[in-house]
Amino acid sequence: MKNILIVLLFPILFISFTVRQTVANQNIKKKPKNIILFIGDGMGYNQIKACDYYYDEVQPYEKWENQFWVSTYPFGSSYNSDSVWTFYNYVKTRYTDSAPAATAMATGTKTYDDVIGLDYNYYRVENLCELAKKFNKSTGVITSVPIPHATPAGFLTHVVNRNYFHSIIAQMIIESKADVIMGCGNPDWDNNGTPKTKESDKYFYPSIWKEIKAGNIEMTDETGIKRNIESCDGDNIPDKWFLCERLSTFDSIAKGLFIPKRLLGVPQVYETLQYERNKIDKEANPYDSPFISSVPSLSTMLNAGLNVLKKNNNGFFLMVEGGAIDWACHDANSIHMIEEVNEFNKAVSSAIDWVNIYSNWEETIIIVVADHETGYLTGKNINDKNYKTEKLQLENNGKMKMPGMQFNNMKDKDYYGHSNSLVPIFVKGNGSMVFTKYMDETDLVRGKYIQNNEIGLAIKELIKTIDIK
Ligand SMILES: [Zn+2]
């Protein structure tokens, strides 16, 4: 019986596989030259809607033709559609942290919590930046949280634990061939953008920070070994990092007045661009708690990064993270979560403008996704007694009014805060169809979805596809 089944099934499987391959290949007439991947850390569907309702907007990416869903769980875990829509508590289990989620998207391989750039046997797996370099592209990562945090780390490094910040920094600055690295963690400044009397060594260890500031070619890794930094353009001659700290320098690079060959952007602020400012006044309306004026926005950093990356005729791969959306959701801080999603949205819109002005959708593909949902954000007054799918929806209370919603992570002290919910993905540009070939799973409510590691597989395919001109 078994043999008969295999004989019967094999041709069917083979045919459906071949059909899907052909459909995908037909749709990449020419591979996209540039790939921009936006990751809203912790940004589930309801985080996007909360920001939309508050500002009375619908984001351009929400109108894109290609949008579906992604499951985010790590290696060894699972997602069960029946259970999600039956049990209120289900998504509070089996969730991922940002390390395996970044690894899945950056390498195409699911792994364990806390692990970066290594598979479930702890072998190194090639990330998108490494692969893109083999195809002579430029690469970059940009984030609104510290540079060695899990998401950017996933795209450039390989470590067993996401908290090994010094090792991650050494791999990023000394070993990686990246052209652009931008984000927070500046040792000399505090969370309000004020100079510190004693530098912090949590993210950048003192020797490397000194060497970066001196513009050295030779740098000391976290174990004390001195090595030359890498070449970013493939000629094997080390390329110096240009360290950008001041807002005026970010502005000049963003405007194209001056474009360094290799850019390390570390604004004059400590852990986040804006989120950690005035920590005591968390619930204050952002309009009562003005932005730190000496720090660039994520959009300005993006525009600066694009000016460096676009110089390469072979194109680029760029990952941009809205990292503090997750931090606000962990704190169940509604208004600042909305503020962070808004800053992320503005960066996506800047990238869309950039494609329309300096590139086009045949040449560039943009992907907007989350690594996981944080906070289990739902409509108001939901609990395990009255759990219904409709109750997940937020209440729109109009412009500049807080939507009716609740963070369910605050009810339960043992619960870390991430959820196993599906997150939305939006794709526009040449090569979009490569993603749809992975849509072989269906959720009862959301519909078609892919696995997070299939984002990595799809982008690897886009980088590798032979350019048929
Ligand atoms: Zn988190």
# chains A, B, ... in the order shown; residues from 1 in each chain; ligands from 1

call {"tool": "residues_near_ligand", "arguments": {"ligand": "ligand 1", "cutoff": "7 Å", "atoms": "only C-alpha atoms and all ligand atoms", "output": "ChimeraX atom specification"}}
result
/A:42,97-98,326-327,330,374,417-418

call {"tool": "residues_around", "arguments": {"residues": "stretch 310-319 of chain A", "least_positions_apart": "3", "cutoff": "7 Å", "atoms": "only C-alpha atoms", "output": "PyMOL selection string"}}
result
chain A and resi 33-38+129+132+136-142+306-307

call {"tool": "closest_residue", "arguments": {"among": "A:Pro290, A:Pro32, A:Gly234, A:Gly40", "to": "A:Lys133", "atoms": "only C-alpha atoms"}}
result
A:Gly234

call {"tool": "select_by_dssp", "arguments": {"residues": "stretch 180-337 of chain A", "states": "strand (DSSP E or B)", "output": "ChimeraX atom specification"}}
result
/A:180-184,189,195,218-220,226-228,242-244,263-265,316-322

call {"tool": "atom_distance", "arguments": {"atom1": "atom CA of A:Leu457", "atom2": "atom CA of A:Ser419"}}
result
23.4 Å

call {"tool": "closest_atom_pairs", "arguments": {"of": "stretch 340-412 of chain A", "to": "stretch 264-280 of chain A", "cutoff": "12 Å", "atoms": "only C-alpha atoms", "output": "tab-separated table"}}
result
residue	atom	partner	partner_atom	distance
A:Glu340	CA	A:Tyr275	CA	7.4
A:Val341	CA	A:Tyr275	CA	11.2
A:Glu343	CA	A:Gln274	CA	9.8
A:Phe344	CA	A:Leu273	CA	11.7

call {"tool": "residues_around", "arguments": {"residues": "A:Tyr53", "least_positions_apart": "6", "cutoff": "7 Å", "atoms": "only C-alpha atoms", "output": "list in words"}}
result
Asn396, Gly398, Lys399 and Pro403 of chain A

call {"tool": "residues_around", "arguments": {"residues": "A:Val91", "least_positions_apart": "3", "cutoff": "9 Å", "atoms": "only C-alpha atoms", "output": "list of chain:residue names"}}
result
A:Tyr79, A:Ser83, A:Val84, A:Phe87, A:Tyr88, A:Arg94, A:Tyr95, A:Tyr376, A:His418, A:Ser419, A:Asn420, A:Ser421

call {"tool": "closest_residue", "arguments": {"among": "A:Pro424, A:Asn80, A:Asp235, A:His166", "to": "A:Glu441", "atoms": "only C-alpha atoms"}}
result
A:Asn80

call {"tool": "residues_around", "arguments": {"residues": "A:Asp440", "least_positions_apart": "3", "cutoff": "9 Å", "atoms": "only C-alpha atoms", "output": "list in words"}}
result
Thr436, Lys437, Lys448, Tyr449 and Ile450 of chain A

call {"tool": "residues_around", "arguments": {"residues": "A:Tyr122", "least_positions_apart": "4", "cutoff": "9 Å", "atoms": "only C-alpha atoms", "output": "PyMOL selection string"}}
result
chain A and resi 111+115+117-118+160

call {"tool": "write_last_selection", "arguments": {"atoms": "N, CA and C atoms", "output": "mmCIF file, in the first residue's frame"}}
result
data_model
loop_
_atom_site.group_PDB
_atom_site.id
_atom_site.type_symbol
_atom_site.label_atom_id
_atom_site.label_comp_id
_atom_site.auth_asym_id
_atom_site.auth_seq_id
_atom_site.Cartn_x
_atom_site.Cartn_y
_atom_site.Cartn_z
ATOM 1 N N THR A 111 17.042 28.456 13.874
ATOM 2 C CA THR A 111 17.964 27.996 14.912
ATOM 3 C C THR A 111 17.344 28.229 16.291
ATOM 4 N N VAL A 115 20.747 32.341 19.525
ATOM 5 C CA VAL A 115 21.828 31.978 18.603
ATOM 6 C C VAL A 115 21.794 32.859 17.349
ATOM 7 N N GLY A 117 23.507 33.458 13.503
ATOM 8 C CA GLY A 117 24.349 33.066 12.370
ATOM 9 C C GLY A 117 24.876 31.644 12.412
ATOM 10 N N LEU A 118 24.301 30.806 13.296
ATOM 11 C CA LEU A 118 24.706 29.392 13.384
ATOM 12 C C LEU A 118 23.441 28.548 13.282
ATOM 13 N N VAL A 160 27.314 32.268 19.413
ATOM 14 C CA VAL A 160 26.374 31.363 20.086
ATOM 15 C C VAL A 160 25.389 32.096 20.977
#

call {"tool": "residues_around", "arguments": {"residues": "A:Lys177", "least_positions_apart": "2", "cutoff": "7 Å", "atoms": "only C-alpha atoms", "output": "PDB file with C-alpha atoms, in the first residue's frame"}}
result
ATOM      1  CA  GLU A 175      35.771  40.773   9.965  1.00  0.00           C
ATOM      2  CA  ASP A 179      30.007  49.023   3.474  1.00  0.00           C
ATOM      3  CA  GLU A 230      38.523  43.935   5.750  1.00  0.00           C
ATOM      4  CA  SER A 231      38.241  45.291   2.267  1.00  0.00           C
ATOM      5  CA  CYS A 232      34.666  46.252   1.342  1.00  0.00           C
TER       6      CYS A 232
END

call {"tool": "closest_residue", "arguments": {"among": "A:Tyr164, A:Tyr203, A:Tyr120, A:Phe407", "to": "A:Ile147", "atoms": "only C-alpha atoms"}}
result
A:Tyr203
